[in-house]
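Listing of run30.csv; format and content: CSV, N, CA and C atoms.
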```csv
chain,number,residue,atom,x,y,z
A,1,MET,N,31.9,2.3,20.1
A,1,MET,CA,32.0,3.4,21.0
A,1,MET,C,31.6,4.7,20.2
A,2,ALA,N,30.9,5.5,20.8
A,2,ALA,CA,30.4,6.8,20.1
A,2,ALA,C,31.6,7.8,20.2
A,3,GLU,N,31.7,8.6,19.1
A,3,GLU,CA,32.6,9.6,19.0
A,3,GLU,C,32.3,10.7,20.0
A,4,SER,N,33.2,11.5,20.5
A,4,SER,CA,32.9,12.5,21.4
A,4,SER,C,32.0,13.5,20.8
A,5,GLY,N,31.0,14.0,21.5
A,5,GLY,CA,30.0,14.9,21.0
A,5,GLY,C,28.8,14.3,20.3
A,6,ASN,N,28.9,13.0,19.9
A,6,ASN,CA,27.8,12.3,19.3
A,6,ASN,C,27.1,11.5,20.4
A,7,VAL,N,25.8,11.5,20.3
A,7,VAL,CA,25.0,10.7,21.3
A,7,VAL,C,24.8,9.3,20.6
A,8,ALA,N,25.1,8.3,21.3
A,8,ALA,CA,24.9,6.9,20.8
A,8,ALA,C,23.4,6.6,20.7
A,9,ALA,N,23.0,6.0,19.6
A,9,ALA,CA,21.6,5.6,19.5
A,9,ALA,C,21.3,4.4,20.3
A,10,THR,N,20.2,4.4,20.9
A,10,THR,CA,19.8,3.2,21.7
A,10,THR,C,19.6,2.0,20.7
A,11,TRP,N,19.5,0.8,21.3
A,11,TRP,CA,19.2,-0.4,20.5
A,11,TRP,C,17.9,-0.2,19.8
A,12,ALA,N,16.9,0.2,20.5
A,12,ALA,CA,15.5,0.4,20.0
A,12,ALA,C,15.5,1.4,18.8
A,13,GLU,N,16.3,2.5,18.9
A,13,GLU,CA,16.3,3.4,17.9
A,13,GLU,C,17.0,2.9,16.6
A,14,ARG,N,18.1,2.1,16.8
A,14,ARG,CA,18.7,1.4,15.7
A,14,ARG,C,17.8,0.4,15.0
A,15,MET,N,17.0,-0.3,15.8
A,15,MET,CA,16.1,-1.3,15.2
A,15,MET,C,15.0,-0.6,14.4
A,16,GLU,N,14.5,0.6,14.9
A,16,GLU,CA,13.5,1.3,14.2
A,16,GLU,C,14.1,1.9,12.9
A,17,LEU,N,15.3,2.3,12.9
A,17,LEU,CA,15.9,2.8,11.7
A,17,LEU,C,16.1,1.7,10.7
A,18,LEU,N,16.5,0.5,11.2
A,18,LEU,CA,16.7,-0.6,10.3
A,18,LEU,C,15.3,-1.0,9.7
A,19,LYS,N,14.3,-1.0,10.5
A,19,LYS,CA,12.9,-1.4,10.0
A,19,LYS,C,12.5,-0.4,8.9
A,20,ASP,N,12.7,0.9,9.1
A,20,ASP,CA,12.4,1.9,8.1
A,20,ASP,C,13.2,1.7,6.8
A,21,THR,N,14.5,1.4,7.0
A,21,THR,CA,15.3,1.2,5.8
A,21,THR,C,14.9,0.0,5.0
A,22,ALA,N,14.5,-1.1,5.7
A,22,ALA,CA,14.1,-2.3,5.1
A,22,ALA,C,12.7,-2.1,4.3
A,23,GLN,N,11.8,-1.3,5.0
A,23,GLN,CA,10.6,-1.0,4.4
A,23,GLN,C,10.7,-0.2,3.1
A,24,ASP,N,11.6,0.8,3.2
A,24,ASP,CA,11.9,1.7,2.1
A,24,ASP,C,12.4,0.8,0.9
A,25,ARG,N,13.3,-0.1,1.2
A,25,ARG,CA,13.8,-1.0,0.1
A,25,ARG,C,12.7,-1.8,-0.5
A,26,VAL,N,11.8,-2.3,0.3
A,26,VAL,CA,10.7,-3.1,-0.2
A,26,VAL,C,9.8,-2.2,-1.1
A,27,LEU,N,9.4,-1.0,-0.6
A,27,LEU,CA,8.5,-0.2,-1.3
A,27,LEU,C,9.1,0.5,-2.5
A,28,ASN,N,10.4,0.5,-2.6
A,28,ASN,CA,11.1,1.1,-3.8
A,28,ASN,C,11.4,0.0,-4.9
A,29,ALA,N,11.2,-1.2,-4.6
A,29,ALA,CA,11.5,-2.3,-5.5
A,29,ALA,C,10.2,-2.8,-6.1
A,30,PRO,N,10.3,-3.2,-7.4
A,30,PRO,CA,9.0,-3.8,-8.0
A,30,PRO,C,8.7,-5.1,-7.4
A,31,MET,N,7.4,-5.4,-7.2
A,31,MET,CA,7.0,-6.7,-6.6
A,31,MET,C,6.6,-7.5,-7.8
A,32,PRO,N,7.1,-8.8,-7.9
A,32,PRO,CA,6.7,-9.7,-9.0
A,32,PRO,C,5.2,-9.8,-9.1
A,33,ASN,N,4.7,-10.0,-10.4
A,33,ASN,CA,3.3,-10.1,-10.6
A,33,ASN,C,2.7,-11.3,-9.9
A,34,ALA,N,3.4,-12.4,-9.9
A,34,ALA,CA,2.9,-13.6,-9.2
A,34,ALA,C,2.7,-13.4,-7.7
A,35,ALA,N,3.6,-12.6,-7.1
A,35,ALA,CA,3.5,-12.3,-5.6
A,35,ALA,C,2.3,-11.5,-5.4
A,36,MET,N,2.0,-10.5,-6.2
A,36,MET,CA,0.8,-9.6,-6.0
A,36,MET,C,-0.4,-10.4,-6.2
A,37,GLU,N,-0.4,-11.3,-7.3
A,37,GLU,CA,-1.6,-12.1,-7.5
A,37,GLU,C,-1.9,-13.0,-6.3
A,38,GLN,N,-0.9,-13.5,-5.7
A,38,GLN,CA,-1.1,-14.4,-4.5
A,38,GLN,C,-1.7,-13.6,-3.4
A,39,LEU,N,-1.1,-12.4,-3.1
A,39,LEU,CA,-1.6,-11.5,-2.1
A,39,LEU,C,-3.1,-11.2,-2.3
A,40,ILE,N,-3.5,-10.9,-3.6
A,40,ILE,CA,-4.9,-10.6,-3.9
A,40,ILE,C,-5.7,-11.8,-3.6
A,41,SER,N,-5.3,-13.0,-4.1
A,41,SER,CA,-6.1,-14.2,-3.9
A,41,SER,C,-6.3,-14.6,-2.5
A,42,ASP,N,-5.2,-14.3,-1.6
A,42,ASP,CA,-5.3,-14.5,-0.2
A,42,ASP,C,-6.1,-13.5,0.6
A,43,GLY,N,-6.5,-12.4,-0.1
A,43,GLY,CA,-7.3,-11.4,0.5
A,43,GLY,C,-6.4,-10.4,1.3
A,44,LYS,N,-5.1,-10.5,1.2
A,44,LYS,CA,-4.2,-9.6,1.9
A,44,LYS,C,-4.0,-8.2,1.2
A,45,ALA,N,-4.3,-8.2,-0.1
A,45,ALA,CA,-4.2,-7.0,-0.9
A,45,ALA,C,-5.6,-6.8,-1.6
A,46,LEU,N,-6.0,-5.6,-1.7
A,46,LEU,CA,-7.4,-5.3,-2.2
A,46,LEU,C,-7.3,-4.5,-3.5
A,47,THR,N,-8.0,-5.0,-4.5
A,47,THR,CA,-8.0,-4.2,-5.8
A,47,THR,C,-9.1,-3.1,-5.7
A,48,LEU,N,-8.9,-2.0,-6.4
A,48,LEU,CA,-9.8,-1.0,-6.4
A,48,LEU,C,-11.1,-1.4,-7.1
A,49,GLY,N,-10.9,-2.1,-8.2
A,49,GLY,CA,-12.1,-2.6,-9.0
A,49,GLY,C,-11.6,-3.7,-9.9
A,50,ARG,N,-12.6,-4.2,-10.7
A,50,ARG,CA,-12.3,-5.3,-11.7
A,50,ARG,C,-12.1,-4.6,-13.0
A,51,PHE,N,-11.0,-4.0,-13.3
A,51,PHE,CA,-10.7,-3.4,-14.6
A,51,PHE,C,-9.2,-3.5,-14.8
A,52,ASP,N,-8.8,-3.5,-16.1
A,52,ASP,CA,-7.4,-3.6,-16.4
A,52,ASP,C,-6.6,-2.5,-15.7
A,53,ALA,N,-5.5,-2.9,-15.2
A,53,ALA,CA,-4.5,-2.0,-14.5
A,53,ALA,C,-5.1,-1.3,-13.2
A,54,SER,N,-6.1,-2.0,-12.6
A,54,SER,CA,-6.7,-1.5,-11.3
A,54,SER,C,-5.6,-1.4,-10.3
A,55,PRO,N,-5.5,-0.3,-9.6
A,55,PRO,CA,-4.5,-0.2,-8.5
A,55,PRO,C,-4.9,-1.2,-7.4
A,56,VAL,N,-3.9,-1.6,-6.6
A,56,VAL,CA,-4.1,-2.5,-5.5
A,56,VAL,C,-3.6,-1.9,-4.2
A,57,HIS,N,-4.3,-2.1,-3.1
A,57,HIS,CA,-3.9,-1.5,-1.8
A,57,HIS,C,-3.3,-2.6,-1.0
A,58,TYR,N,-2.0,-2.4,-0.6
A,58,TYR,CA,-1.3,-3.4,0.2
A,58,TYR,C,-0.2,-2.6,1.0
A,59,LEU,N,0.0,-3.0,2.3
A,59,LEU,CA,1.0,-2.4,3.2
A,59,LEU,C,0.7,-0.9,3.3
A,60,ASP,N,-0.5,-0.5,3.4
A,60,ASP,CA,-0.9,0.9,3.6
A,60,ASP,C,-0.5,1.8,2.4
A,61,ARG,N,-0.3,1.2,1.3
A,61,ARG,CA,0.0,1.9,0.0
A,61,ARG,C,-0.8,1.4,-1.1
A,62,TRP,N,-0.9,2.2,-2.1
A,62,TRP,CA,-1.5,1.8,-3.4
A,62,TRP,C,-0.3,1.4,-4.3
A,63,TRP,N,-0.5,0.3,-5.1
A,63,TRP,CA,0.4,-0.2,-6.0
A,63,TRP,C,-0.1,-0.2,-7.4
A,64,ARG,N,0.7,0.1,-8.4
A,64,ARG,CA,0.3,0.1,-9.8
A,64,ARG,C,1.1,-0.9,-10.6
A,65,PRO,N,0.5,-1.5,-11.6
A,65,PRO,CA,1.3,-2.4,-12.4
A,65,PRO,C,2.2,-1.7,-13.4
A,66,SER,N,3.4,-2.3,-13.6
A,66,SER,CA,4.3,-1.7,-14.6
A,66,SER,C,5.0,-2.9,-15.3
A,67,GLU,N,5.8,-2.6,-16.3
A,67,GLU,CA,6.5,-3.6,-17.0
A,67,GLU,C,7.5,-4.4,-16.1
A,68,GLU,N,8.0,-3.8,-15.0
A,68,GLU,CA,8.9,-4.4,-14.1
A,68,GLU,C,8.2,-5.2,-13.0
A,69,GLY,N,6.9,-5.0,-12.8
A,69,GLY,CA,6.2,-5.6,-11.8
A,69,GLY,C,5.3,-4.6,-11.1
A,70,TRP,N,4.9,-4.8,-9.9
A,70,TRP,CA,4.0,-3.8,-9.2
A,70,TRP,C,4.9,-2.8,-8.4
A,71,MET,N,4.6,-1.6,-8.6
A,71,MET,CA,5.3,-0.5,-8.0
A,71,MET,C,4.5,0.2,-6.9
A,72,ALA,N,5.0,0.5,-5.8
A,72,ALA,CA,4.3,1.2,-4.7
A,72,ALA,C,4.3,2.7,-5.0
A,73,LEU,N,3.1,3.3,-4.9
A,73,LEU,CA,3.0,4.7,-5.0
A,73,LEU,C,3.6,5.4,-3.7
A,74,GLY,N,4.0,6.6,-3.8
A,74,GLY,CA,4.5,7.3,-2.6
A,74,GLY,C,3.4,7.6,-1.7
A,75,GLU,N,3.7,8.1,-0.5
A,75,GLU,CA,2.7,8.4,0.5
A,75,GLU,C,1.7,9.4,0.0
A,76,ASP,N,2.1,10.5,-0.6
A,76,ASP,CA,1.2,11.5,-1.1
A,76,ASP,C,0.3,11.0,-2.1
A,77,ALA,N,0.8,10.3,-3.1
A,77,ALA,CA,0.0,9.7,-4.2
A,77,ALA,C,-1.0,8.7,-3.6
A,78,SER,N,-0.6,7.9,-2.6
A,78,SER,CA,-1.5,6.9,-2.0
A,78,SER,C,-2.6,7.6,-1.3
A,79,ALA,N,-2.3,8.7,-0.6
A,79,ALA,CA,-3.3,9.4,0.1
A,79,ALA,C,-4.3,10.0,-0.8
A,80,LYS,N,-3.9,10.6,-2.0
A,80,LYS,CA,-4.8,11.1,-3.0
A,80,LYS,C,-5.6,10.0,-3.6
A,81,LEU,N,-5.0,8.8,-3.8
A,81,LEU,CA,-5.8,7.7,-4.4
A,81,LEU,C,-6.8,7.2,-3.4
A,82,ASP,N,-6.5,7.3,-2.1
A,82,ASP,CA,-7.5,6.9,-1.0
A,82,ASP,C,-8.8,7.7,-1.2
A,83,LEU,N,-8.6,9.0,-1.4
A,83,LEU,CA,-9.8,9.9,-1.6
A,83,LEU,C,-10.5,9.5,-2.9
A,84,HIS,N,-9.8,9.3,-4.0
A,84,HIS,CA,-10.5,8.9,-5.2
A,84,HIS,C,-11.1,7.5,-5.1
A,85,ALA,N,-10.5,6.6,-4.3
A,85,ALA,CA,-11.1,5.3,-4.1
A,85,ALA,C,-12.5,5.4,-3.4
A,86,GLU,N,-12.5,6.3,-2.4
A,86,GLU,CA,-13.8,6.5,-1.7
A,86,GLU,C,-14.9,7.0,-2.7
A,87,ARG,N,-14.5,8.0,-3.5
A,87,ARG,CA,-15.4,8.5,-4.5
A,87,ARG,C,-15.9,7.4,-5.5
A,88,TYR,N,-14.9,6.6,-5.9
A,88,TYR,CA,-15.2,5.6,-6.9
A,88,TYR,C,-16.2,4.6,-6.2
A,89,ARG,N,-15.9,4.2,-5.0
A,89,ARG,CA,-16.8,3.3,-4.3
A,89,ARG,C,-18.2,3.8,-4.2
A,90,ALA,N,-18.3,5.1,-3.8
A,90,ALA,CA,-19.6,5.7,-3.6
A,90,ALA,C,-20.4,5.8,-5.0
A,91,ALA,N,-19.6,6.1,-6.0
A,91,ALA,CA,-20.3,6.3,-7.4
A,91,ALA,C,-20.8,4.9,-7.9
A,92,THR,N,-19.9,3.9,-7.7
A,92,THR,CA,-20.4,2.6,-8.2
A,92,THR,C,-21.5,2.0,-7.3
A,93,ALA,N,-21.5,2.3,-6.0
A,93,ALA,CA,-22.6,1.9,-5.2
A,93,ALA,C,-23.9,2.6,-5.6
A,94,ALA,N,-23.8,3.9,-6.0
A,94,ALA,CA,-25.0,4.6,-6.3
A,94,ALA,C,-25.7,4.1,-7.6
A,95,VAL,N,-24.9,3.5,-8.5
A,95,VAL,CA,-25.5,3.0,-9.7
A,95,VAL,C,-25.7,1.5,-9.6
A,96,GLY,N,-25.6,0.9,-8.4
A,96,GLY,CA,-25.8,-0.5,-8.2
A,96,GLY,C,-24.7,-1.5,-8.6
A,97,ASN,N,-23.5,-1.0,-8.8
A,97,ASN,CA,-22.4,-1.8,-9.1
A,97,ASN,C,-21.3,-1.7,-8.0
A,98,PRO,N,-21.5,-2.5,-7.0
A,98,PRO,CA,-20.5,-2.5,-5.9
A,98,PRO,C,-19.1,-2.9,-6.4
A,99,ILE,N,-18.1,-2.3,-5.8
A,99,ILE,CA,-16.8,-2.7,-6.2
A,99,ILE,C,-16.5,-4.1,-5.8
A,100,GLU,N,-16.0,-4.9,-6.7
A,100,GLU,CA,-15.7,-6.3,-6.4
A,100,GLU,C,-14.3,-6.3,-5.8
A,101,GLN,N,-14.2,-7.0,-4.7
A,101,GLN,CA,-12.9,-7.1,-4.0
A,101,GLN,C,-12.3,-8.4,-4.1
A,102,ALA,N,-11.2,-8.6,-3.6
A,102,ALA,CA,-10.5,-9.9,-3.7
A,102,ALA,C,-11.3,-10.9,-2.9
A,103,PRO,N,-11.3,-12.2,-3.3
A,103,PRO,CA,-12.0,-13.2,-2.5
A,103,PRO,C,-11.6,-13.2,-1.1
A,104,GLY,N,-12.6,-13.4,-0.2
A,104,GLY,CA,-12.3,-13.4,1.2
A,104,GLY,C,-12.3,-12.1,1.9
A,105,SER,N,-12.4,-11.0,1.2
A,105,SER,CA,-12.4,-9.7,1.8
A,105,SER,C,-13.8,-9.3,2.2
A,106,ASP,N,-14.0,-8.4,3.0
A,106,ASP,CA,-15.3,-7.9,3.4
A,106,ASP,C,-15.9,-6.9,2.4
A,107,GLY,N,-15.1,-6.5,1.4
A,107,GLY,CA,-15.6,-5.6,0.4
A,107,GLY,C,-15.3,-4.1,0.8
A,108,ALA,N,-14.8,-3.9,2.0
A,108,ALA,CA,-14.5,-2.5,2.5
A,108,ALA,C,-13.2,-2.0,2.0
A,109,MET,N,-13.2,-0.8,1.5
A,109,MET,CA,-11.9,-0.2,1.1
A,109,MET,C,-11.2,0.2,2.4
A,110,PRO,N,-9.9,0.2,2.3
A,110,PRO,CA,-9.1,0.6,3.5
A,110,PRO,C,-9.4,2.1,3.8
A,111,ALA,N,-9.4,2.4,5.1
A,111,ALA,CA,-9.7,3.7,5.6
A,111,ALA,C,-8.5,4.6,5.3
A,112,ARG,N,-8.7,5.9,5.0
A,112,ARG,CA,-7.6,6.8,4.9
A,112,ARG,C,-6.9,7.0,6.2
A,113,PRO,N,-5.6,7.1,6.2
A,113,PRO,CA,-4.9,7.4,7.5
A,113,PRO,C,-5.5,8.6,8.2
A,114,GLY,N,-5.8,8.5,9.4
A,114,GLY,CA,-6.4,9.6,10.2
A,114,GLY,C,-7.9,9.8,10.0
A,115,ALA,N,-8.5,9.0,9.2
A,115,ALA,CA,-10.0,9.1,9.0
A,115,ALA,C,-10.7,8.6,10.2
A,116,GLY,N,-11.6,9.3,10.7
A,116,GLY,CA,-12.4,8.9,11.8
A,116,GLY,C,-11.8,9.1,13.2
A,117,THR,N,-10.6,9.8,13.2
A,117,THR,CA,-10.0,10.1,14.5
A,117,THR,C,-10.2,11.6,14.8
A,118,ALA,N,-10.2,11.9,16.1
A,118,ALA,CA,-10.4,13.2,16.5
A,118,ALA,C,-9.1,13.9,16.8
```

If you took the structure in this file and wrote it as structure tokens, what would it be?
Amino acid sequence: MAESGNVAATWAERMELLKDTAQDRVLNAPMPNAAMEQLISDGKALTLGRFDASPVHYLDRWWRPSEEGWMALGEDASAKLDLHAERYRAATAAVGNPIEQAPGSDGAMPARPGAGTA
């Protein structure tokens, strides 16, 4: 029962809050190396390139390797890296070295949020 003066949240609102909380817990915890390697090999996560410590794009975020495992970058850092990834892709394509992606991917880098929308 809601306290007087408080509006009770609907079931859908509570589920949305729960989803956000669960996603925050996932994005704030390190992902084991083996799990990220499997996502890359399945084509569900895309590496920026074939170089040591290459960032990986997964769940609309960029991830970086650390001693604890793979850590998700924040939204702002991921948006900035999206821009740098586009520049990197264009630069490597200009010199004839296309970015190598995870097996099974189409080689396309993920689009920036809001890119191509009016």

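We find CA of His57 (chain A) and atom C of Ala45 (chain A) to be spaced 5.6 Å apart.
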
Residues at most 8 Å from Met71 (chain A), counting only N, CA and C atoms, excluding those fewer than 6 positions away in the same chain, as a CSV table (one decimal) with N, CA and C atoms, in the coordinates of the input?
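Output file out-v1.csv is given in full below:
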```csv
chain,number,residue,atom,x,y,z
A,27,LEU,N,9.4,-1.0,-0.6
A,27,LEU,CA,8.5,-0.2,-1.3
A,27,LEU,C,9.1,0.5,-2.5
A,28,ASN,N,10.4,0.5,-2.6
A,28,ASN,CA,11.1,1.1,-3.8
A,28,ASN,C,11.4,0.0,-4.9
A,29,ALA,N,11.2,-1.2,-4.6
A,29,ALA,CA,11.5,-2.3,-5.5
A,29,ALA,C,10.2,-2.8,-6.1
A,30,PRO,N,10.3,-3.2,-7.4
A,30,PRO,CA,9.0,-3.8,-8.0
A,30,PRO,C,8.7,-5.1,-7.4
A,31,MET,N,7.4,-5.4,-7.2
A,31,MET,CA,7.0,-6.7,-6.6
A,31,MET,C,6.6,-7.5,-7.8
A,32,PRO,N,7.1,-8.8,-7.9
A,32,PRO,CA,6.7,-9.7,-9.0
A,32,PRO,C,5.2,-9.8,-9.1
A,61,ARG,N,-0.3,1.2,1.3
A,61,ARG,CA,0.0,1.9,0.0
A,61,ARG,C,-0.8,1.4,-1.1
A,62,TRP,N,-0.9,2.2,-2.1
A,62,TRP,CA,-1.5,1.8,-3.4
A,62,TRP,C,-0.3,1.4,-4.3
A,63,TRP,N,-0.5,0.3,-5.1
A,63,TRP,CA,0.4,-0.2,-6.0
A,63,TRP,C,-0.1,-0.2,-7.4
A,64,ARG,N,0.7,0.1,-8.4
A,64,ARG,CA,0.3,0.1,-9.8
A,64,ARG,C,1.1,-0.9,-10.6
A,65,PRO,N,0.5,-1.5,-11.6
A,65,PRO,CA,1.3,-2.4,-12.4
A,65,PRO,C,2.2,-1.7,-13.4
```

(message) Applying 12 Å and only C-alpha atoms, which residues near region 10-24 of chain A remain after dropping the ones on its own chain fewer than 5 positions away? List them as a ChimeraX atom specification.
(response) /A:2,29-30,59-61,72-75

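All residues of region 22-79 of chain A that DSSP, run on the backbone, classes as alpha helix (DSSP H) are A:Ala22, A:Gln23, A:Asp24, A:Arg25, A:Val26, A:Leu27, A:Asn28, A:Asn33, A:Ala34, A:Ala35, A:Met36, A:Glu37, A:Gln38, A:Leu39, A:Ile40, A:Ser41, A:Glu75, A:Asp76, A:Ala77, A:Ser78, A:Ala79.
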
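Taking CA of Glu86 (chain A) and atom C of Lys44 (chain A) as the two end points, the separation is 17.9 Å.
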
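You will find CA of Leu83 (chain A) at 14.7 Å from CA of Gly49 (chain A).
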